[in-house]
Structure formats: C-alpha cells, structure tokens
Amino acid sequence: MHSLLRQYFAAFLVAIFIVLIALYAYYQSRAIIEGPGIVIDAPSNGMTSTTSLVAVLGVTTHAKEITLDGRPIFINLEGYFSEKLVLMEGYNIIELVAKDNEGRVVRKTIELVYQAQ
C-alpha cells in the first residue's frame with residue numbers, strides 16, 4: 001500500500017511538471033500565436049477637431065513595423081508611438097497598419113472631422 005501511494009505521488013508530480021512546462025511554452029510563444037495588435041489612445045474615433053494638427057498616440061504589440069497612412073512611423077522599445085498629422089478640412093480617415101515577423105497584418109482606422117473656425 002505504501003509503495004502504491006508513492007507511485008501515485010510520483011505520477012502527480014510528473015503531471016504537474018508537464019503542465020508547468022506547457023504553460024511556460026504557451027507564455028513564451030504567445031507573440032507567435034496572437035499576432036500583432038494596435039491600441040489607439042488618441043484621437044478618438046468620430047471626434048471633431050477644430051485644429052488641423054492632431055497627435056496620433058498609441059501602442060502596438062508584437063509588431064515588426066507600423067505605418068500611418070502608408071508612411072512608416074517609429075515605435076519605441078515598449079511599442080509606443082506618437083506621430084503628428086495634418087488634417088484636411090472636412091472628413092478624414094487615418095489608417096494604421098501593423099505587421100509582424102510572420103507576415104500577419106492588423107489594420108485600425110480612425111475617422112475624424114476637421115472644422116476650421
């Protein structure tokens with residue numbers, strides 16, 4: 001009976017070890033699994049601006065490169081970006097595109113209205 005209990009305990013420890021290795025492997029490979037992402041902090045979608053100059057602020061995750069209206073922009077080591085953009089009078093669409101090492105692409109658009117005073 002004592003050796004059977006010892007075998008169950010050993011099997012339990014091996015199972016926990018395997019689960020921990022699987023969780024660690026998922027944690028380390030989540031960038032490959034999830035793909036790129038973009039979170040836009042400013043400006044908010046649908047806003048009306050009274051100035052022609054607007055700052056586009058946000059953060060990207062797991063991205064190799066990011067473009068703003070087709071123009072590459074710089075991101076820091078944490079993935080944050082800040083870029084100024086001049087709006088045309090009336091309705092404007094801003095498009096951010098992020099690509100990762102695997103070639104996956106994510107697009108975010110912001111729609112703004114610029115009304116000159």
# chains A, B, ... in the order shown; residues from 1 in each chain; ligands from 1
$ residues_around --residues "region 41-45 of chain A" --least-positions-apart "6" --cutoff "12 Å" --atoms "only C-alpha atoms" --output "list of chain:residue names"
A:Leu53, A:Val54, A:Ala55, A:Val56, A:Leu57, A:Gly58, A:Val59, A:Thr60, A:Tyr80, A:Phe81, A:Ser82, A:Glu83, A:Lys84, A:Leu85, A:Tyr91, A:Asn92, A:Ile93, A:Ile94, A:Glu95, A:Lys108, A:Thr109, A:Ile110, A:Glu111, A:Leu112, A:Val113
$ write_last_selection --atoms "N, CA and C atoms" --output "tab-separated table (two decimals), in the first residue's frame"
chain	number	residue	atom	x	y	z
A	53	LEU	N	-3.83	70.25	-36.79
A	53	LEU	CA	-2.75	69.37	-36.35
A	53	LEU	C	-3.25	68.47	-35.23
A	54	VAL	N	-3.13	67.17	-35.44
A	54	VAL	CA	-3.58	66.20	-34.43
A	54	VAL	C	-2.46	65.21	-34.16
A	55	ALA	N	-2.34	64.80	-32.89
A	55	ALA	CA	-1.32	63.82	-32.49
A	55	ALA	C	-1.97	62.45	-32.42
A	56	VAL	N	-1.37	61.50	-33.12
A	56	VAL	CA	-1.84	60.10	-33.09
A	56	VAL	C	-0.94	59.37	-32.10
A	57	LEU	N	-1.55	58.89	-31.00
A	57	LEU	CA	-0.82	58.24	-29.93
A	57	LEU	C	-1.36	56.84	-29.72
A	58	GLY	N	-0.48	55.91	-29.40
A	58	GLY	CA	-0.94	54.56	-29.12
A	58	GLY	C	0.20	53.62	-28.84
A	59	VAL	N	-0.14	52.33	-28.82
A	59	VAL	CA	0.84	51.30	-28.56
A	59	VAL	C	0.54	50.11	-29.46
A	60	THR	N	1.59	49.47	-29.90
A	60	THR	CA	1.45	48.27	-30.72
A	60	THR	C	2.16	47.12	-30.03
A	80	TYR	N	5.33	51.89	-27.95
A	80	TYR	CA	4.56	53.14	-28.02
A	80	TYR	C	4.95	53.95	-29.25
A	81	PHE	N	3.96	54.64	-29.81
A	81	PHE	CA	4.22	55.53	-30.93
A	81	PHE	C	3.49	56.85	-30.72
A	82	SER	N	4.04	57.91	-31.31
A	82	SER	CA	3.45	59.24	-31.25
A	82	SER	C	3.82	59.94	-32.55
A	83	GLU	N	2.81	60.35	-33.28
A	83	GLU	CA	3.05	60.94	-34.60
A	83	GLU	C	2.05	62.08	-34.81
A	84	LYS	N	2.55	63.19	-35.34
A	84	LYS	CA	1.68	64.34	-35.65
A	84	LYS	C	1.19	64.21	-37.09
A	85	LEU	N	-0.06	64.65	-37.30
A	85	LEU	CA	-0.68	64.53	-38.62
A	85	LEU	C	-1.50	65.79	-38.89
A	91	TYR	N	-13.99	65.69	-43.69
A	91	TYR	CA	-13.92	64.30	-43.22
A	91	TYR	C	-12.55	63.70	-43.52
A	92	ASN	N	-11.91	63.07	-42.53
A	92	ASN	CA	-10.59	62.46	-42.67
A	92	ASN	C	-10.63	61.02	-42.16
A	93	ILE	N	-9.91	60.16	-42.84
A	93	ILE	CA	-9.73	58.77	-42.39
A	93	ILE	C	-8.24	58.53	-42.21
A	94	ILE	N	-7.87	58.10	-41.00
A	94	ILE	CA	-6.49	57.77	-40.69
A	94	ILE	C	-6.39	56.26	-40.56
A	95	GLU	N	-5.40	55.66	-41.24
A	95	GLU	CA	-5.25	54.21	-41.20
A	95	GLU	C	-3.89	53.84	-40.63
A	108	LYS	N	-6.19	49.37	-38.27
A	108	LYS	CA	-7.12	50.17	-37.46
A	108	LYS	C	-7.34	51.48	-38.18
A	109	THR	N	-8.58	51.93	-38.22
A	109	THR	CA	-8.88	53.22	-38.85
A	109	THR	C	-9.53	54.14	-37.83
A	110	ILE	N	-9.25	55.42	-38.00
A	110	ILE	CA	-9.84	56.47	-37.18
A	110	ILE	C	-10.51	57.44	-38.14
A	111	GLU	N	-11.75	57.76	-37.87
A	111	GLU	CA	-12.48	58.72	-38.68
A	111	GLU	C	-12.62	60.01	-37.89
A	112	LEU	N	-12.16	61.13	-38.49
A	112	LEU	CA	-12.18	62.43	-37.85
A	112	LEU	C	-12.82	63.46	-38.75
A	113	VAL	N	-13.36	64.50	-38.14
A	113	VAL	CA	-13.87	65.64	-38.89
A	113	VAL	C	-13.12	66.87	-38.42
$ residues_around --residues "region 100-107 of chain A" --least-positions-apart "4" --cutoff "7 Å" --atoms "only C-alpha atoms" --output "JSON list (two decimals) with N, CA and C atoms, in the first residue's frame"
[["chain", "number", "residue", "atom", "x", "y", "z"],
["A", 35, "GLY", "N", -0.28, 37.26, -32.83],
["A", 35, "GLY", "CA", -0.11, 38.19, -33.94],
["A", 35, "GLY", "C", -0.01, 39.62, -33.45],
["A", 36, "PRO", "N", 0.06, 40.59, -34.37],
["A", 36, "PRO", "CA", 0.22, 41.99, -33.96],
["A", 36, "PRO", "C", -1.08, 42.59, -33.44],
["A", 37, "GLY", "N", -0.94, 43.65, -32.70],
["A", 37, "GLY", "CA", -2.10, 44.38, -32.19],
["A", 37, "GLY", "C", -1.82, 45.86, -32.12],
["A", 62, "HIS", "N", 3.72, 43.11, -30.51],
["A", 62, "HIS", "CA", 4.19, 42.04, -31.39],
["A", 62, "HIS", "C", 4.31, 42.49, -32.85],
["A", 63, "ALA", "N", 4.62, 43.77, -33.08],
["A", 63, "ALA", "CA", 4.71, 44.29, -34.44],
["A", 63, "ALA", "C", 6.16, 44.53, -34.83],
["A", 64, "LYS", "N", 6.48, 44.20, -36.06],
["A", 64, "LYS", "CA", 7.81, 44.46, -36.60],
["A", 64, "LYS", "C", 7.87, 45.86, -37.20],
["A", 65, "GLU", "N", 6.78, 46.27, -37.83],
["A", 65, "GLU", "CA", 6.71, 47.60, -38.42],
["A", 65, "GLU", "C", 5.27, 48.10, -38.36],
["A", 95, "GLU", "N", -5.40, 55.66, -41.24],
["A", 95, "GLU", "CA", -5.25, 54.21, -41.20],
["A", 95, "GLU", "C", -3.89, 53.84, -40.63],
["A", 96, "LEU", "N", -3.89, 53.00, -39.60],
["A", 96, "LEU", "CA", -2.68, 52.43, -39.03],
["A", 96, "LEU", "C", -2.63, 50.96, -39.39]]
$ select_by_dssp --residues "chain A" --states "strand (DSSP E)" --output "ChimeraX atom specification"
/A:37-42,48-49,53-61,65-68,71-73,80-86,90-99,105-114
$ write_last_selection --atoms "N, CA and C atoms" --output "short mmCIF file (atom, residue, chain, number, x, y, z; two decimals), in the first residue's frame"
data_model
loop_
_atom_site.label_atom_id
_atom_site.label_comp_id
_atom_site.auth_asym_id
_atom_site.auth_seq_id
_atom_site.Cartn_x
_atom_site.Cartn_y
_atom_site.Cartn_z
N GLY A 37 -0.94 43.65 -32.70
CA GLY A 37 -2.10 44.38 -32.19
C GLY A 37 -1.82 45.86 -32.12
N ILE A 38 -2.87 46.67 -32.22
CA ILE A 38 -2.75 48.13 -32.14
C ILE A 38 -3.82 48.63 -31.17
N VAL A 39 -3.40 49.49 -30.23
CA VAL A 39 -4.33 50.18 -29.35
C VAL A 39 -4.09 51.67 -29.55
N ILE A 40 -5.13 52.40 -29.96
CA ILE A 40 -5.01 53.83 -30.24
C ILE A 40 -5.54 54.60 -29.04
N ASP A 41 -4.67 55.42 -28.44
CA ASP A 41 -5.04 56.22 -27.28
C ASP A 41 -5.68 57.55 -27.69
N ALA A 42 -5.17 58.17 -28.74
CA ALA A 42 -5.70 59.45 -29.21
C ALA A 42 -5.40 59.56 -30.69
N THR A 48 -14.53 65.42 -33.53
CA THR A 48 -14.46 66.62 -34.36
C THR A 48 -13.35 67.50 -33.81
N SER A 49 -12.43 67.89 -34.69
CA SER A 49 -11.28 68.70 -34.29
C SER A 49 -11.43 70.11 -34.84
N LEU A 53 -3.83 70.25 -36.79
CA LEU A 53 -2.75 69.37 -36.35
C LEU A 53 -3.25 68.47 -35.23
N VAL A 54 -3.13 67.17 -35.44
CA VAL A 54 -3.58 66.20 -34.43
C VAL A 54 -2.46 65.21 -34.16
N ALA A 55 -2.34 64.80 -32.89
CA ALA A 55 -1.32 63.82 -32.49
C ALA A 55 -1.97 62.45 -32.42
N VAL A 56 -1.37 61.50 -33.12
CA VAL A 56 -1.84 60.10 -33.09
C VAL A 56 -0.94 59.37 -32.10
N LEU A 57 -1.55 58.89 -31.00
CA LEU A 57 -0.82 58.24 -29.93
C LEU A 57 -1.36 56.84 -29.72
N GLY A 58 -0.48 55.91 -29.40
CA GLY A 58 -0.94 54.56 -29.12
C GLY A 58 0.20 53.62 -28.84
N VAL A 59 -0.14 52.33 -28.82
CA VAL A 59 0.84 51.30 -28.56
C VAL A 59 0.54 50.11 -29.46
N THR A 60 1.59 49.47 -29.90
CA THR A 60 1.45 48.27 -30.72
C THR A 60 2.16 47.12 -30.03
N THR A 61 1.62 45.93 -30.19
CA THR A 61 2.22 44.75 -29.58
C THR A 61 2.59 43.74 -30.68
N GLU A 65 6.78 46.27 -37.83
CA GLU A 65 6.71 47.60 -38.42
C GLU A 65 5.27 48.10 -38.36
N ILE A 66 5.13 49.43 -38.36
CA ILE A 66 3.81 50.04 -38.34
C ILE A 66 3.83 51.24 -39.28
N THR A 67 2.73 51.41 -40.00
CA THR A 67 2.62 52.54 -40.92
C THR A 67 1.39 53.37 -40.57
N LEU A 68 1.49 54.67 -40.81
CA LEU A 68 0.39 55.62 -40.63
C LEU A 68 0.09 56.20 -42.00
N ARG A 71 2.82 55.51 -44.50
CA ARG A 71 4.15 56.04 -44.18
C ARG A 71 4.67 55.37 -42.91
N PRO A 72 5.87 54.77 -42.94
CA PRO A 72 6.39 54.11 -41.74
C PRO A 72 6.58 55.10 -40.59
N ILE A 73 6.23 54.68 -39.39
CA ILE A 73 6.45 55.51 -38.21
C ILE A 73 7.29 54.71 -37.22
N TYR A 80 5.33 51.89 -27.95
CA TYR A 80 4.56 53.14 -28.02
C TYR A 80 4.95 53.95 -29.25
N PHE A 81 3.96 54.64 -29.81
CA PHE A 81 4.22 55.53 -30.93
C PHE A 81 3.49 56.85 -30.72
N SER A 82 4.04 57.91 -31.31
CA SER A 82 3.45 59.24 -31.25
C SER A 82 3.82 59.94 -32.55
N GLU A 83 2.81 60.35 -33.28
CA GLU A 83 3.05 60.94 -34.60
C GLU A 83 2.05 62.08 -34.81
N LYS A 84 2.55 63.19 -35.34
CA LYS A 84 1.68 64.34 -35.65
C LYS A 84 1.19 64.21 -37.09
N LEU A 85 -0.06 64.65 -37.30
CA LEU A 85 -0.68 64.53 -38.62
C LEU A 85 -1.50 65.79 -38.89
N VAL A 86 -1.39 66.31 -40.12
CA VAL A 86 -2.16 67.48 -40.52
C VAL A 86 -3.44 66.99 -41.20
N GLY A 90 -12.75 69.02 -43.34
CA GLY A 90 -13.83 68.08 -43.59
C GLY A 90 -13.54 66.71 -43.00
N TYR A 91 -13.99 65.69 -43.69
CA TYR A 91 -13.92 64.30 -43.22
C TYR A 91 -12.55 63.70 -43.52
N ASN A 92 -11.91 63.07 -42.53
CA ASN A 92 -10.59 62.46 -42.67
C ASN A 92 -10.63 61.02 -42.16
N ILE A 93 -9.91 60.16 -42.84
CA ILE A 93 -9.73 58.77 -42.39
C ILE A 93 -8.24 58.53 -42.21
N ILE A 94 -7.87 58.10 -41.00
CA ILE A 94 -6.49 57.77 -40.69
C ILE A 94 -6.39 56.26 -40.56
N GLU A 95 -5.40 55.66 -41.24
CA GLU A 95 -5.25 54.21 -41.20
C GLU A 95 -3.89 53.84 -40.63
N LEU A 96 -3.89 53.00 -39.60
CA LEU A 96 -2.68 52.43 -39.03
C LEU A 96 -2.63 50.96 -39.39
N VAL A 97 -1.46 50.50 -39.87
CA VAL A 97 -1.27 49.11 -40.25
C VAL A 97 -0.03 48.58 -39.55
N ALA A 98 -0.17 47.47 -38.83
CA ALA A 98 0.96 46.83 -38.14
C ALA A 98 1.19 45.45 -38.74
N LYS A 99 2.46 45.11 -38.94
CA LYS A 99 2.85 43.79 -39.48
C LYS A 99 3.80 43.13 -38.49
N VAL A 105 -1.08 40.86 -40.61
CA VAL A 105 -1.34 42.29 -40.67
C VAL A 105 -2.60 42.59 -39.87
N VAL A 106 -2.58 43.71 -39.14
CA VAL A 106 -3.77 44.22 -38.47
C VAL A 106 -3.92 45.69 -38.86
N ARG A 107 -5.16 46.10 -39.14
CA ARG A 107 -5.45 47.47 -39.56
C ARG A 107 -6.44 48.11 -38.59
N LYS A 108 -6.19 49.37 -38.27
CA LYS A 108 -7.12 50.17 -37.46
C LYS A 108 -7.34 51.48 -38.18
N THR A 109 -8.58 51.93 -38.22
CA THR A 109 -8.88 53.22 -38.85
C THR A 109 -9.53 54.14 -37.83
N ILE A 110 -9.25 55.42 -38.00
CA ILE A 110 -9.84 56.47 -37.18
C ILE A 110 -10.51 57.44 -38.14
N GLU A 111 -11.75 57.76 -37.87
CA GLU A 111 -12.48 58.72 -38.68
C GLU A 111 -12.62 60.01 -37.89
N LEU A 112 -12.16 61.13 -38.49
CA LEU A 112 -12.18 62.43 -37.85
C LEU A 112 -12.82 63.46 -38.75
N VAL A 113 -13.36 64.50 -38.14
CA VAL A 113 -13.87 65.64 -38.89
C VAL A 113 -13.12 66.87 -38.42
N TYR A 114 -12.54 67.59 -39.38
CA TYR A 114 -11.86 68.84 -39.06
C TYR A 114 -12.73 69.99 -39.52
#
$ closest_residue --among "A:Thr50, A:Glu78, A:Ile18, A:Leu87" --to "Gln115 (chain A)" --atoms "only C-alpha atoms"
A:Thr50
$ decode --residues "chain A" --atoms "C-alpha atoms" --output "PDB file, in the first residue's frame"
ATOM      1  CA  MET A   1       0.000   0.000   0.000  1.00  0.00           C
ATOM      2  CA  HIS A   2       2.841   2.353   0.881  1.00  0.00           C
ATOM      3  CA  SER A   3       4.589   1.821  -2.497  1.00  0.00           C
ATOM      4  CA  LEU A   4       1.301   2.383  -4.370  1.00  0.00           C
ATOM      5  CA  LEU A   5       0.862   5.728  -2.621  1.00  0.00           C
ATOM      6  CA  ARG A   6       4.450   6.632  -3.516  1.00  0.00           C
ATOM      7  CA  GLN A   7       3.776   5.797  -7.217  1.00  0.00           C
ATOM      8  CA  TYR A   8       0.625   7.974  -7.242  1.00  0.00           C
ATOM      9  CA  PHE A   9       2.546  10.834  -5.689  1.00  0.00           C
ATOM     10  CA  ALA A  10       5.350  10.487  -8.254  1.00  0.00           C
ATOM     11  CA  ALA A  11       2.820  10.412 -11.109  1.00  0.00           C
ATOM     12  CA  PHE A  12       1.146  13.517  -9.651  1.00  0.00           C
ATOM     13  CA  LEU A  13       4.466  15.391  -9.527  1.00  0.00           C
ATOM     14  CA  VAL A  14       5.277  14.388 -13.123  1.00  0.00           C
ATOM     15  CA  ALA A  15       1.834  15.607 -14.263  1.00  0.00           C
ATOM     16  CA  ILE A  16       2.314  18.962 -12.521  1.00  0.00           C
ATOM     17  CA  PHE A  17       5.768  19.290 -14.096  1.00  0.00           C
ATOM     18  CA  ILE A  18       4.352  18.623 -17.587  1.00  0.00           C
ATOM     19  CA  VAL A  19       1.525  21.152 -17.068  1.00  0.00           C
ATOM     20  CA  LEU A  20       4.015  23.795 -15.904  1.00  0.00           C
ATOM     21  CA  ILE A  21       6.206  23.196 -18.970  1.00  0.00           C
ATOM     22  CA  ALA A  22       3.158  23.500 -21.263  1.00  0.00           C
ATOM     23  CA  LEU A  23       2.058  26.766 -19.605  1.00  0.00           C
ATOM     24  CA  TYR A  24       5.568  28.193 -19.863  1.00  0.00           C
ATOM     25  CA  ALA A  25       5.783  27.213 -23.552  1.00  0.00           C
ATOM     26  CA  TYR A  26       2.454  28.950 -24.236  1.00  0.00           C
ATOM     27  CA  TYR A  27       3.598  32.060 -22.353  1.00  0.00           C
ATOM     28  CA  GLN A  28       6.818  32.258 -24.359  1.00  0.00           C
ATOM     29  CA  SER A  29       5.127  31.639 -27.727  1.00  0.00           C
ATOM     30  CA  ARG A  30       2.132  33.946 -27.287  1.00  0.00           C
ATOM     31  CA  ALA A  31       3.664  36.548 -29.635  1.00  0.00           C
ATOM     32  CA  ILE A  32       3.676  33.974 -32.423  1.00  0.00           C
ATOM     33  CA  ILE A  33       0.172  32.756 -31.603  1.00  0.00           C
ATOM     34  CA  GLU A  34      -1.571  36.126 -31.111  1.00  0.00           C
ATOM     35  CA  GLY A  35      -0.107  38.185 -33.941  1.00  0.00           C
ATOM     36  CA  PRO A  36       0.219  41.987 -33.964  1.00  0.00           C
ATOM     37  CA  GLY A  37      -2.098  44.378 -32.189  1.00  0.00           C
ATOM     38  CA  ILE A  38      -2.755  48.130 -32.136  1.00  0.00           C
ATOM     39  CA  VAL A  39      -4.334  50.182 -29.347  1.00  0.00           C
ATOM     40  CA  ILE A  40      -5.013  53.828 -30.237  1.00  0.00           C
ATOM     41  CA  ASP A  41      -5.044  56.222 -27.279  1.00  0.00           C
ATOM     42  CA  ALA A  42      -5.698  59.447 -29.211  1.00  0.00           C
ATOM     43  CA  PRO A  43      -7.500  60.749 -31.166  1.00  0.00           C
ATOM     44  CA  SER A  44     -10.786  59.020 -30.527  1.00  0.00           C
ATOM     45  CA  ASN A  45     -12.808  57.679 -33.438  1.00  0.00           C
ATOM     46  CA  GLY A  46     -15.554  60.035 -34.653  1.00  0.00           C
ATOM     47  CA  MET A  47     -14.189  63.119 -32.932  1.00  0.00           C
ATOM     48  CA  THR A  48     -14.461  66.617 -34.357  1.00  0.00           C
ATOM     49  CA  SER A  49     -11.283  68.696 -34.288  1.00  0.00           C
ATOM     50  CA  THR A  50     -11.018  72.485 -34.501  1.00  0.00           C
ATOM     51  CA  THR A  51      -7.263  72.390 -35.159  1.00  0.00           C
ATOM     52  CA  SER A  52      -5.652  70.958 -38.258  1.00  0.00           C
ATOM     53  CA  LEU A  53      -2.751  69.367 -36.355  1.00  0.00           C
ATOM     54  CA  VAL A  54      -3.585  66.199 -34.435  1.00  0.00           C
ATOM     55  CA  ALA A  55      -1.323  63.823 -32.493  1.00  0.00           C
ATOM     56  CA  VAL A  56      -1.840  60.103 -33.088  1.00  0.00           C
ATOM     57  CA  LEU A  57      -0.823  58.237 -29.933  1.00  0.00           C
ATOM     58  CA  GLY A  58      -0.941  54.561 -29.123  1.00  0.00           C
ATOM     59  CA  VAL A  59       0.836  51.297 -28.555  1.00  0.00           C
ATOM     60  CA  THR A  60       1.453  48.271 -30.721  1.00  0.00           C
ATOM     61  CA  THR A  61       2.223  44.747 -29.585  1.00  0.00           C
ATOM     62  CA  HIS A  62       4.192  42.039 -31.393  1.00  0.00           C
ATOM     63  CA  ALA A  63       4.713  44.287 -34.444  1.00  0.00           C
ATOM     64  CA  LYS A  64       7.810  44.457 -36.604  1.00  0.00           C
ATOM     65  CA  GLU A  65       6.707  47.600 -38.419  1.00  0.00           C
ATOM     66  CA  ILE A  66       3.811  50.045 -38.338  1.00  0.00           C
ATOM     67  CA  THR A  67       2.621  52.544 -40.915  1.00  0.00           C
ATOM     68  CA  LEU A  68       0.390  55.615 -40.632  1.00  0.00           C
ATOM     69  CA  ASP A  69      -1.447  56.272 -43.901  1.00  0.00           C
ATOM     70  CA  GLY A  70       1.194  54.219 -45.741  1.00  0.00           C
ATOM     71  CA  ARG A  71       4.150  56.044 -44.182  1.00  0.00           C
ATOM     72  CA  PRO A  72       6.392  54.110 -41.743  1.00  0.00           C
ATOM     73  CA  ILE A  73       6.451  55.505 -38.206  1.00  0.00           C
ATOM     74  CA  PHE A  74       8.804  54.796 -35.334  1.00  0.00           C
ATOM     75  CA  ILE A  75       7.913  52.810 -32.238  1.00  0.00           C
ATOM     76  CA  ASN A  76       9.983  52.688 -29.060  1.00  0.00           C
ATOM     77  CA  LEU A  77      11.155  49.524 -27.321  1.00  0.00           C
ATOM     78  CA  GLU A  78       7.879  49.216 -25.382  1.00  0.00           C
ATOM     79  CA  GLY A  79       5.834  49.578 -28.592  1.00  0.00           C
ATOM     80  CA  TYR A  80       4.562  53.136 -28.020  1.00  0.00           C
ATOM     81  CA  PHE A  81       4.218  55.531 -30.934  1.00  0.00           C
ATOM     82  CA  SER A  82       3.454  59.243 -31.250  1.00  0.00           C
ATOM     83  CA  GLU A  83       3.050  60.944 -34.599  1.00  0.00           C
ATOM     84  CA  LYS A  84       1.677  64.341 -35.651  1.00  0.00           C
ATOM     85  CA  LEU A  85      -0.677  64.532 -38.619  1.00  0.00           C
ATOM     86  CA  VAL A  86      -2.163  67.476 -40.518  1.00  0.00           C
ATOM     87  CA  LEU A  87      -5.863  67.086 -41.272  1.00  0.00           C
ATOM     88  CA  MET A  88      -7.656  68.246 -44.397  1.00  0.00           C
ATOM     89  CA  GLU A  89     -10.784  70.310 -43.870  1.00  0.00           C
ATOM     90  CA  GLY A  90     -13.828  68.080 -43.590  1.00  0.00           C
ATOM     91  CA  TYR A  91     -13.917  64.302 -43.220  1.00  0.00           C
ATOM     92  CA  ASN A  92     -10.588  62.460 -42.668  1.00  0.00           C
ATOM     93  CA  ILE A  93      -9.732  58.768 -42.390  1.00  0.00           C
ATOM     94  CA  ILE A  94      -6.486  57.775 -40.689  1.00  0.00           C
ATOM     95  CA  GLU A  95      -5.253  54.212 -41.197  1.00  0.00           C
ATOM     96  CA  LEU A  96      -2.683  52.433 -39.028  1.00  0.00           C
ATOM     97  CA  VAL A  97      -1.273  49.105 -40.253  1.00  0.00           C
ATOM     98  CA  ALA A  98       0.959  46.825 -38.137  1.00  0.00           C
ATOM     99  CA  LYS A  99       2.850  43.794 -39.475  1.00  0.00           C
ATOM    100  CA  ASP A 100       4.624  41.073 -37.509  1.00  0.00           C
ATOM    101  CA  ASN A 101       7.513  38.749 -38.357  1.00  0.00           C
ATOM    102  CA  GLU A 102       5.118  36.090 -39.663  1.00  0.00           C
ATOM    103  CA  GLY A 103       3.580  38.483 -42.214  1.00  0.00           C
ATOM    104  CA  ARG A 104       0.266  38.872 -40.377  1.00  0.00           C
ATOM    105  CA  VAL A 105      -1.344  42.295 -40.665  1.00  0.00           C
ATOM    106  CA  VAL A 106      -3.772  44.220 -38.470  1.00  0.00           C
ATOM    107  CA  ARG A 107      -5.447  47.473 -39.557  1.00  0.00           C
ATOM    108  CA  LYS A 108      -7.117  50.169 -37.459  1.00  0.00           C
ATOM    109  CA  THR A 109      -8.885  53.216 -38.851  1.00  0.00           C
ATOM    110  CA  ILE A 110      -9.842  56.468 -37.182  1.00  0.00           C
ATOM    111  CA  GLU A 111     -12.481  58.723 -38.685  1.00  0.00           C
ATOM    112  CA  LEU A 112     -12.176  62.432 -37.845  1.00  0.00           C
ATOM    113  CA  VAL A 113     -13.875  65.644 -38.892  1.00  0.00           C
ATOM    114  CA  TYR A 114     -11.862  68.844 -39.059  1.00  0.00           C
ATOM    115  CA  GLN A 115     -13.909  72.032 -38.879  1.00  0.00           C
ATOM    116  CA  ALA A 116     -11.912  75.231 -39.313  1.00  0.00           C
ATOM    117  CA  GLN A 117     -13.082  78.159 -37.208  1.00  0.00           C
TER     118      GLN A 117
END
